[in-house]
Structures are given as C-alpha cells and as structure tokens.
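*Asks:* What follows is the file coords_3.txt, containing compact mmCIF, C-alpha atoms and all ligand atoms:
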# COMPACT_ATOMS: atom_id res chain seq x y z
CA MET A 6 10.05 7.72 4.92
CA ILE A 7 12.40 5.16 6.44
CA ASN A 8 15.52 4.24 4.50
CA LYS A 9 17.76 3.08 7.32
CA ILE A 10 17.19 1.03 10.45
CA ILE A 11 19.45 1.02 13.49
CA LEU A 12 19.18 -1.94 15.82
CA ASN A 13 19.85 -0.65 19.31
CA ILE A 14 20.85 -3.85 21.12
CA PRO A 15 21.21 -3.53 24.90
CA HIS A 16 23.21 -6.53 26.09
CA SER A 17 20.97 -9.38 27.31
CA ASP A 18 22.71 -12.70 26.76
CA ASP A 19 25.62 -13.36 24.43
CA TYR A 20 23.68 -15.58 22.10
CA THR A 21 20.72 -13.21 21.67
CA ASP A 22 23.14 -10.30 21.16
CA TYR A 23 24.79 -12.37 18.44
CA LEU A 24 21.45 -13.18 16.76
CA PHE A 25 20.50 -9.50 16.57
CA MET A 26 23.99 -8.49 15.43
CA THR A 27 23.95 -11.00 12.57
CA ALA A 28 20.27 -10.83 11.63
CA ALA A 29 20.64 -8.37 8.79
CA LEU A 30 24.23 -8.85 7.63
CA THR A 31 23.27 -8.78 3.97
CA ASN A 32 21.17 -5.63 4.23
CA HIS A 33 23.33 -2.52 4.21
CA ARG A 34 20.34 -0.37 5.25
CA VAL A 35 20.40 -2.03 8.66
CA VAL A 36 23.02 -1.05 11.24
CA PRO A 37 23.23 -3.22 14.36
CA MET A 38 24.81 -1.54 17.43
CA LEU A 39 25.59 -3.35 20.66
CA ASN A 40 25.20 -1.24 23.81
CA PRO A 41 25.39 2.03 21.91
CA THR A 42 25.37 5.39 23.69
CA GLN A 43 22.72 7.95 22.68
CA GLU A 44 25.56 9.94 21.16
CA GLU A 45 26.66 7.01 18.96
CA ILE A 46 23.10 6.42 17.78
CA LYS A 47 22.68 10.10 16.98
CA ARG A 48 25.86 10.11 14.92
CA GLN A 49 24.52 7.25 12.75
CA SER A 50 20.99 8.66 12.34
CA ASP A 51 19.20 11.19 10.19
CA VAL A 52 15.52 12.11 9.77
CA ASN A 53 14.89 8.96 7.74
CA THR A 54 16.37 6.54 10.26
CA LEU A 55 14.23 4.31 12.44
CA VAL A 56 15.92 3.21 15.66
CA LEU A 57 14.50 -0.09 16.89
CA ARG A 58 15.18 -1.08 20.47
CA CYS A 59 15.90 -4.81 20.56
CA ILE A 60 14.19 -6.47 23.50
CA ASN A 61 14.81 -9.95 24.82
CA VAL A 62 11.96 -11.48 26.78
CA HIS A 63 12.98 -14.80 28.27
CA LYS A 64 9.65 -16.46 27.59
CA LEU A 65 8.21 -18.94 25.15
CA PRO A 66 6.20 -17.43 22.27
CA ASP A 67 2.44 -18.01 22.30
CA GLU A 68 2.43 -19.36 18.79
CA GLU A 69 5.17 -20.70 16.57
CA ASP A 70 4.76 -17.86 14.07
CA ARG A 71 5.27 -15.06 16.58
CA ILE A 72 8.85 -15.72 17.65
CA VAL A 73 9.67 -12.13 16.80
CA LYS A 74 7.44 -9.10 17.20
CA ALA A 75 8.45 -5.89 15.48
CA ASP A 76 6.50 -2.70 16.02
CA PRO A 77 7.58 0.45 14.17
CA MET A 78 5.12 2.54 16.24
CA SER A 79 6.67 1.72 19.60
CA LYS A 80 10.06 1.33 17.86
CA THR A 81 10.77 -2.05 19.32
CA ILE A 82 11.63 -5.50 18.12
CA CYS A 83 11.15 -8.27 20.61
CA VAL A 84 12.42 -11.86 20.65
CA MET A 85 11.28 -14.63 22.96
CA SER A 86 14.62 -16.16 23.81
CA LYS A 87 13.31 -19.17 25.75
CA TYR A 88 12.38 -20.51 22.33
CA TYR A 89 16.02 -21.25 21.42
CA LEU A 90 17.85 -20.93 24.77
CA GLU A 91 17.17 -24.04 26.76
CA GLU A 92 17.53 -24.50 30.49
CA GLY A 93 21.15 -25.14 31.33
CA GLY A 94 22.35 -22.81 28.57
CA GLU A 95 22.00 -25.23 25.65
CA ILE A 96 21.06 -23.68 22.33
CA ASP A 97 18.62 -25.18 19.86
CA HIS A 98 20.43 -24.17 16.68
CA HIS A 99 17.55 -24.86 14.35
CA LYS A 100 15.20 -22.66 16.38
CA ALA A 101 17.91 -20.00 16.72
CA GLU A 102 18.28 -19.93 12.93
CA MET A 103 14.51 -19.55 12.55
CA THR A 104 14.58 -16.66 14.99
CA ARG A 105 17.37 -14.95 13.09
CA ALA A 106 15.42 -15.34 9.84
CA SER A 107 12.32 -13.90 11.54
CA ILE A 108 14.22 -10.84 12.75
CA GLU A 109 15.56 -10.28 9.24
CA HIS A 110 12.09 -10.70 7.78
CA ALA A 111 10.50 -8.30 10.28
CA ILE A 112 13.06 -5.60 9.50
CA GLY A 113 12.62 -6.11 5.76
CA ASN A 114 8.84 -5.77 6.14
CA ILE A 115 9.22 -2.32 7.71
CA LEU A 116 11.42 -1.05 4.87
CA MET A 117 9.37 -2.68 2.12
CA ASP A 118 5.96 -1.74 3.49
CA PRO A 119 4.05 -0.30 0.49
CA ARG A 120 3.29 2.89 2.46
CA ASN A 121 6.98 3.37 3.09
CA LEU A 122 7.92 2.66 -0.54
CA ARG A 123 5.30 5.15 -1.63
CA GLU A 124 6.93 7.85 0.48
CA VAL A 125 10.33 6.89 -0.94
CA PHE A 126 8.85 7.23 -4.43
CA ARG A 127 7.44 10.70 -3.70
CA GLN A 128 10.64 11.85 -2.06
CA HIS A 129 12.84 10.73 -4.95
CA LEU A 130 10.52 11.62 -7.81
CA PRO A 131 12.76 14.43 -9.15
CA LEU A 132 15.65 11.98 -9.52
CA LEU A 133 13.46 9.21 -10.95
CA TRP A 134 11.97 11.66 -13.44
CA MET A 135 15.37 12.92 -14.51
CA LYS A 136 16.58 9.35 -15.05
CA ARG A 137 13.36 8.04 -16.59
CA LYS A 138 14.94 7.08 -19.94
CA GLU A 139 17.35 4.84 -18.07
CA ILE A 140 14.45 3.34 -16.14
CA PHE A 141 12.38 2.75 -19.31
CA ALA A 142 15.34 0.99 -20.94
CA ASN A 143 15.98 -1.44 -18.10
CA PRO A 144 13.17 -3.86 -17.17
CA GLN A 145 14.81 -4.46 -13.79
CA TYR A 146 14.30 -0.78 -13.02
CA PHE A 147 10.99 -0.39 -14.85
CA PHE A 148 9.27 -3.15 -12.92
CA ALA A 149 10.44 -2.22 -9.42
CA PHE A 150 7.43 -1.84 -7.12
CA SER A 151 6.54 1.79 -6.38
CA GLY A 152 4.34 1.08 -3.36
CA ARG A 153 1.33 2.24 -5.36
CA TYR A 154 -1.52 0.31 -6.91
CA GLY A 155 -3.16 0.88 -10.24
CA ILE A 156 -6.67 -0.03 -11.24
CA GLY A 157 -7.79 -1.54 -14.50
CA PRO A 158 -10.34 -3.98 -15.92
CA ASP A 159 -8.96 -6.76 -13.71
CA GLY A 160 -9.06 -4.73 -10.51
CA TYR A 161 -6.16 -3.55 -8.42
CA GLY A 162 -2.57 -4.40 -9.16
CA GLU A 163 0.87 -3.37 -8.00
CA ALA A 164 2.14 -0.41 -10.01
CA PRO A 165 5.80 -0.52 -11.08
CA VAL A 166 7.79 2.69 -10.99
CA GLY A 167 8.37 2.70 -14.78
CA ALA A 168 4.63 2.56 -15.50
CA ILE A 169 3.94 5.65 -13.38
CA LEU A 170 6.78 7.65 -14.95
CA LYS A 171 5.73 6.66 -18.46
CA ALA A 172 2.11 7.56 -17.76
CA MET A 173 3.29 10.99 -16.56
CA GLU A 174 5.41 11.44 -19.66
CA GLU A 175 2.82 10.25 -22.18
CA ASP A 176 -0.15 11.95 -20.60
CA PRO A 177 1.02 15.23 -19.06
CA LYS A 178 -2.48 16.68 -19.35
CA LEU A 179 -3.79 14.05 -16.99
CA PHE A 180 -0.82 14.14 -14.63
CA LYS A 181 -0.41 17.90 -14.36
CA VAL A 182 -2.62 20.14 -12.29
CA ARG A 183 -3.46 23.81 -12.27
CA LEU A 184 -3.69 24.73 -8.64
CA GLY A 185 -4.62 28.00 -7.05
CA GLY A 186 -1.33 29.50 -5.90
CA GLY A 187 0.27 26.13 -6.55
CA CYS A 188 3.59 26.97 -8.05
CA ASN A 189 6.14 29.77 -7.90
CA CYS A 190 6.82 29.91 -11.62
CA GLY A 191 3.29 29.66 -13.02
CA GLU A 192 3.94 26.28 -14.67
CA LYS A 193 1.53 23.46 -14.11
CA PRO A 194 3.14 21.16 -11.57
CA PHE A 195 3.16 17.38 -11.88
CA LEU A 196 0.78 15.38 -9.81
CA VAL A 197 3.22 13.00 -8.13
CA ASP A 198 0.74 11.14 -5.96
CA TYR A 199 -2.76 11.42 -4.49
CA GLU A 200 -4.33 9.81 -1.49
CA HIS A 201 -7.88 9.55 -0.29
CA VAL A 202 -7.76 10.36 3.42
CA PHE A 203 -10.66 9.31 5.59
CA ASP A 204 -10.91 11.67 8.55
CA SER A 205 -13.92 9.82 9.92
CA ALA A 206 -16.63 7.45 8.74
CA VAL A 207 -18.51 10.29 7.06
CA SER A 208 -15.85 12.77 5.99
CA SER A 209 -12.90 12.39 3.71
CA THR A 210 -10.51 14.59 1.78
CA TRP A 211 -7.85 14.10 -0.86
CA LEU A 212 -4.21 14.81 -0.33
CA LEU A 213 -2.45 15.78 -3.56
CA TYR A 214 1.33 15.79 -3.85
CA THR A 215 2.76 17.99 -6.55
CA TRP A 216 6.20 18.77 -7.87
CA CYS A 217 7.16 21.36 -10.47
CA PRO A 218 9.93 20.26 -12.85
CA VAL A 219 10.73 23.91 -13.63
CA CYS A 220 11.02 25.64 -10.24
CA HIS A 221 11.25 22.37 -8.24
CA SER A 222 8.71 23.45 -5.65
CA ARG A 223 6.78 20.72 -3.86
CA ARG A 224 3.31 21.00 -2.40
CA GLU A 225 0.91 18.91 -0.38
CA ILE A 226 -2.59 20.13 -1.07
CA ARG A 227 -5.85 19.14 0.57
CA ALA A 228 -8.84 18.94 -1.73
CA TRP A 229 -12.46 18.02 -1.04
CA GLU A 230 -12.72 16.18 -4.28
CA PHE A 231 -10.34 14.73 -6.78
CA LYS A 232 -12.23 13.24 -9.66
CA ARG A 233 -9.18 12.37 -11.71
CA ALA A 234 -7.81 9.67 -9.40
CA TYR A 235 -9.53 6.84 -11.22
CA SER A 236 -8.39 8.05 -14.66
CA CYS A 237 -4.79 8.38 -13.44
CA ASP A 238 -4.80 4.92 -11.85
CA TYR A 239 -6.38 3.49 -14.98
CA ARG A 240 -3.76 5.09 -17.25
CA ILE A 241 -0.94 3.65 -15.16
CA THR A 242 -2.48 0.19 -15.45
CA GLN A 243 -2.83 0.61 -19.22
CA ILE A 244 0.86 1.48 -19.54
CA LEU A 245 1.68 -1.54 -17.41
CA GLU A 246 -0.38 -3.80 -19.66
CA GLU A 247 1.31 -2.43 -22.78
CA ASN A 248 4.72 -3.28 -21.34
CA ASP A 249 3.80 -6.44 -19.48
CA LYS A 250 5.47 -9.57 -20.82
CA GLY A 251 4.36 -11.67 -17.88
CA GLN A 252 7.63 -11.00 -16.05
CA GLY A 253 5.99 -9.82 -12.82
CA LEU A 254 7.67 -7.30 -10.55
CA SER A 255 11.43 -6.81 -10.52
CA ASN A 256 13.54 -8.38 -7.81
CA LEU A 257 15.18 -4.99 -7.40
CA SER A 258 13.56 -2.78 -4.80
CA LEU A 259 12.86 0.90 -5.28
CA PHE A 260 15.80 1.52 -2.94
CA ASP A 261 18.07 -0.47 -5.27
CA VAL A 262 16.90 1.49 -8.30
CA ILE A 263 17.48 4.86 -6.63
CA GLU A 264 20.97 3.77 -5.65
CA ALA A 265 21.77 2.46 -9.13
CA ILE A 266 20.62 5.41 -11.26
ZN ZN A 301 7.07 25.89 -10.85
Here is a file; write its structure as structure tokens.
Ligand SMILES: [Zn+2]
*Replies:*
Amino acid sequence: MINKIILNIPHSDDYTDYLFMTAALTNHRVVPMLNPTQEEIKRQSDVNTLVLRCINVHKLPDEEDRIVKADPMSKTICVMSKYYLEEGGEIDHHKAEMTRASIEHAIGNILMDPRNLREVFRQHLPLLWMKRKEIFANPQYFFAFSGRYGIGPDGYGEAPVGAILKAMEEDPKLFKVRLGGGCNCGEKPFLVDYEHVFDSAVSSTWLLYTWCPVCHSRREIRAWEFKRAYSCDYRITQILEENDKGQGLSNLSLFDVIEAI
C-alpha cells in the first residue's frame, strides 16, 4: 500500500527543479524534496511511502503524450526537459505547464491505481467497518471507489466502499468464513477481500483476506478453490443497484474518506 509519495529531486536545472517542486502542490500526500540527504528522506518515510527519484533527461520526447514517464517499479519519474527548455535558455511556458500537469497526473495515477486502493481498503477495513453507519449516511463516502469491481447482470462495474460494507453487514453468512485454524477466538472472521492468483497458465489459487471483528486477527489464506467469489461480487453489485441514483462514483477518494471519518 502506498499512501505517501516523496519526490527526491536531485538538482538538474533551476526550471526543472521548480516544475517538480510545484507539480503536486495541492496534494498533501506528495512531498517534494530538493537535494535531500538519505537521512532526510528516511525521516519523512514509513513503510507506506514510495520515494520516486526525479530524473531530467535533456531530450525531446518520442511522442507528445510521453513527456513524463513514471515507473513505480524502478521508482523513477522522468521528464524530457528539451521539450520546454529551448536552446539559449528560453522556456516555452505552455509546454512547461503541460509537463507540470503530466507530472501531477502520473503521481496521482500511482496513488489511485485500483490495486493500490484495494490494499488501502483492506488495510483500513477495521476503521471503515467501525464507521460504517457514517459511511452509509453520506453518499460522498458511500460512493468512494474501493479499488474493487463487482459483477452483476450488466457485467463488471466499479464497487464503491459503501456497497461492500453494506453487503458484509446485510449478508454476514456470505461474507464470513469458517477456516481451519483461522481465528484465535473461534469466531467466524469476515472475508475482507479475495483474489484469484494465476501462478502460471495452468495453475491458479485464491488468496483470501480475513479479519475478525472480535479478536482483530488478520489472515491471508491460500485456497485451491473459492466458489463463493461470484456470489459475493454479485451481492455487492445488487447493493450498489439498490442505492444507485445515477450519481456515479464520489469525487472523494478512499484516502479522503479514511481521513474524514
Ligand atoms: Zn477472532
């Protein structure tokens, strides 16, 4: 789970430094640092922080839409500064603005990646569950995207956090599992999430995430088969349809909801 991004900006040229420094001013989950020491980065980081090294390649981009390349795997974000820095030091302000917007967009995409949101959802489920009444009462919270997808008669759709919580509340039989040695207290833990993991073209397993509301233990369990996935997805979609007034997803992110509740 990533909930904070540090931009590690080694000085290249003043203008590119400035673009990186100002790229995510409105996003408090992003911390730009110019020429930071390892010690300074460490002080600002925790296990959920992604440190992106900001690279300036003085080249022209191959295509207009690839001014900025961000790669969470190699932990880099790269700009092609020849795009806005002209020979003689002149700056094309329009292109510079586009570059800044692209940096901001690339960072936002990493945080809002559905796989990341899904991890955020799993991580914060105890809090979300505790505050579910508040979430049910506020459509802005209810319809925040959870990173998960439900399935119904019309196929796949984005599952809002409120629909998952309500499905768990209304249908505990479906969303609780009895697992061999699963829980410390003997209660049936909640099934928080499930994923079909393909190890190869021919073999796959299920990964089940559970949480017990009584003893608070969490488990990740591998299973050969999990026949209930479709029913769970379907139930979430049904709840969504019952509550759907055509409003679409909330403009609040899951991060915003967790902060607000
Ligand atoms: Zn328990």
*Asks:* Using only C-alpha atoms and all ligand atoms, what are the residues with an atom within 7 Å of ligand ZN 301 (chain A), set out as a list in words?
*Replies:*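 What falls inside 7 Å of ligand ZN 301 (chain A) is Cys188, Asn189, Cys190, Gly191, Glu192, Lys193, Pro194, Cys217, Pro218, Val219, Cys220, His221 and Ser222 of chain A.
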*Asks:* For Ile7 in chain A, which residue out of A:Pro119, A:Pro144, A:Gly93, A:Pro177 is the nearest one, using all atoms listed in the file?
*Replies:* A:Pro119
*Asks:* Could the residues of range 45-79 of chain A that have an atom at most 6 Å from range 13-33 of chain A be listed as JSON lines, each with its closest atom pair and the distance in Å to one decimal, counting only C-alpha atoms and ordered by chain and ascending residue number?
*Replies:*
{"residue": "A:Leu57", "atom": "CA", "partner": "A:Asn13", "partner_atom": "CA", "distance": 5.9}
{"residue": "A:Arg58", "atom": "CA", "partner": "A:Asn13", "partner_atom": "CA", "distance": 4.8}
{"residue": "A:Cys59", "atom": "CA", "partner": "A:Ile14", "partner_atom": "CA", "distance": 5.1}
*Asks:* Would you mind reading off the distance between CA of Thr42 in chain A and CA of Asn121 in chain A, one decimal, in Å?
*Replies:* 27.7 Å
*Asks:* In Å, rounded to a single decimal, give me how far CA of Asp249 in chain A is from CA of Ala234 in chain A.
*Replies:*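 If I compute the distance from CA of Ala234 in chain A to CA of Asp249 in chain A, I get 22.3 Å.
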*Asks:* Between CA of Arg48 in chain A and CA of His110 in chain A, what is the distance, to one decimal in Å?
*Replies:* 26.0 Å
*Asks:* So that I can see what lies close to Glu139 in chain A, please list as a ChimeraX atom specification the residues with an atom at most 12 Å from it, counting only C-alpha atoms and leaving out residues fewer than 2 positions away in the same chain.
*Replies:* /A:132-137,141-147,167,170-171,262-263,265-266
*Asks:* Set out as a Markdown table a contact list for range 82-184 of chain A and range 61-74 of chain A with a cut-off of 10 Å, giving each residue of range 82-184 of chain A that qualifies its closest atom pair and distance in Å to one decimal, counting only C-alpha atoms, ordered by chain and rising residue number.
*Replies:*
| residue | atom | partner | partner_atom | distance |
| --- | --- | --- | --- | --- |
| A:Ile82 | CA | A:Lys74 | CA | 5.6 |
| A:Cys83 | CA | A:Lys74 | CA | 5.1 |
| A:Val84 | CA | A:Val73 | CA | 4.7 |
| A:Met85 | CA | A:Val62 | CA | 5.0 |
| A:Ser86 | CA | A:His63 | CA | 4.9 |
| A:Lys87 | CA | A:Lys64 | CA | 4.9 |
| A:Tyr88 | CA | A:Leu65 | CA | 5.3 |
| A:Tyr89 | CA | A:Leu65 | CA | 9.0 |
| A:Leu90 | CA | A:His63 | CA | 8.6 |
| A:Lys100 | CA | A:Ile72 | CA | 9.5 |
| A:Met103 | CA | A:Ile72 | CA | 8.5 |
| A:Thr104 | CA | A:Ile72 | CA | 6.4 |
| A:Arg105 | CA | A:Val73 | CA | 9.0 |
| A:Ala106 | CA | A:Val73 | CA | 9.6 |
| A:Ser107 | CA | A:Val73 | CA | 6.2 |
| A:Ile108 | CA | A:Val73 | CA | 6.2 |
| A:Glu109 | CA | A:Val73 | CA | 9.8 |
| A:His110 | CA | A:Val73 | CA | 9.4 |
| A:Ala111 | CA | A:Val73 | CA | 7.6 |
*Asks:* For Glu163 in chain A, list every protein, DNA or RNA residue within 7 Å, evaluated using all atoms listed in the file, and leave out those in the same chain fewer than 2 positions away; present the list as a ChimeraX atom specification.
*Replies:* /A:150,153-155,165
*Asks:* Tell me which protein, DNA and RNA residues are within 12 Å of Asp51 in chain A, counting all atoms listed in the file, leaving out same-chain ones fewer than 5 positions away, and put them as a JSON list (two decimals) with C-alpha atoms, in the frame of the given file.
*Replies:*
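Result file follows (selection-v1.json):
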[["chain", "number", "residue", "atom", "x", "y", "z"],
["A", 6, "MET", "CA", 10.05, 7.72, 4.92],
["A", 7, "ILE", "CA", 12.40, 5.16, 6.44],
["A", 8, "ASN", "CA", 15.52, 4.24, 4.50],
["A", 9, "LYS", "CA", 17.76, 3.08, 7.32],
["A", 10, "ILE", "CA", 17.19, 1.03, 10.45],
["A", 11, "ILE", "CA", 19.45, 1.02, 13.49],
["A", 46, "ILE", "CA", 23.10, 6.42, 17.78],
["A", 56, "VAL", "CA", 15.92, 3.21, 15.66]]
*Asks:* Restricting the calculation to all atoms listed in the file: of A:Leu12, A:Ala172, A:Leu55, A:Leu259, which residue gets closest to Val125 in chain A?
*Replies:*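 Residue with the minimum atom-to-atom distance to Val125 in chain A: A:Leu259.
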*Asks:* From the list A:Glu92, A:Glu175, A:Ser258, A:Val36, which residue is nearest Ile244 in chain A when using only C-alpha atoms?
*Replies:*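 Among the listed residues, the smallest separation from Ile244 in chain A belongs to A:Glu175.
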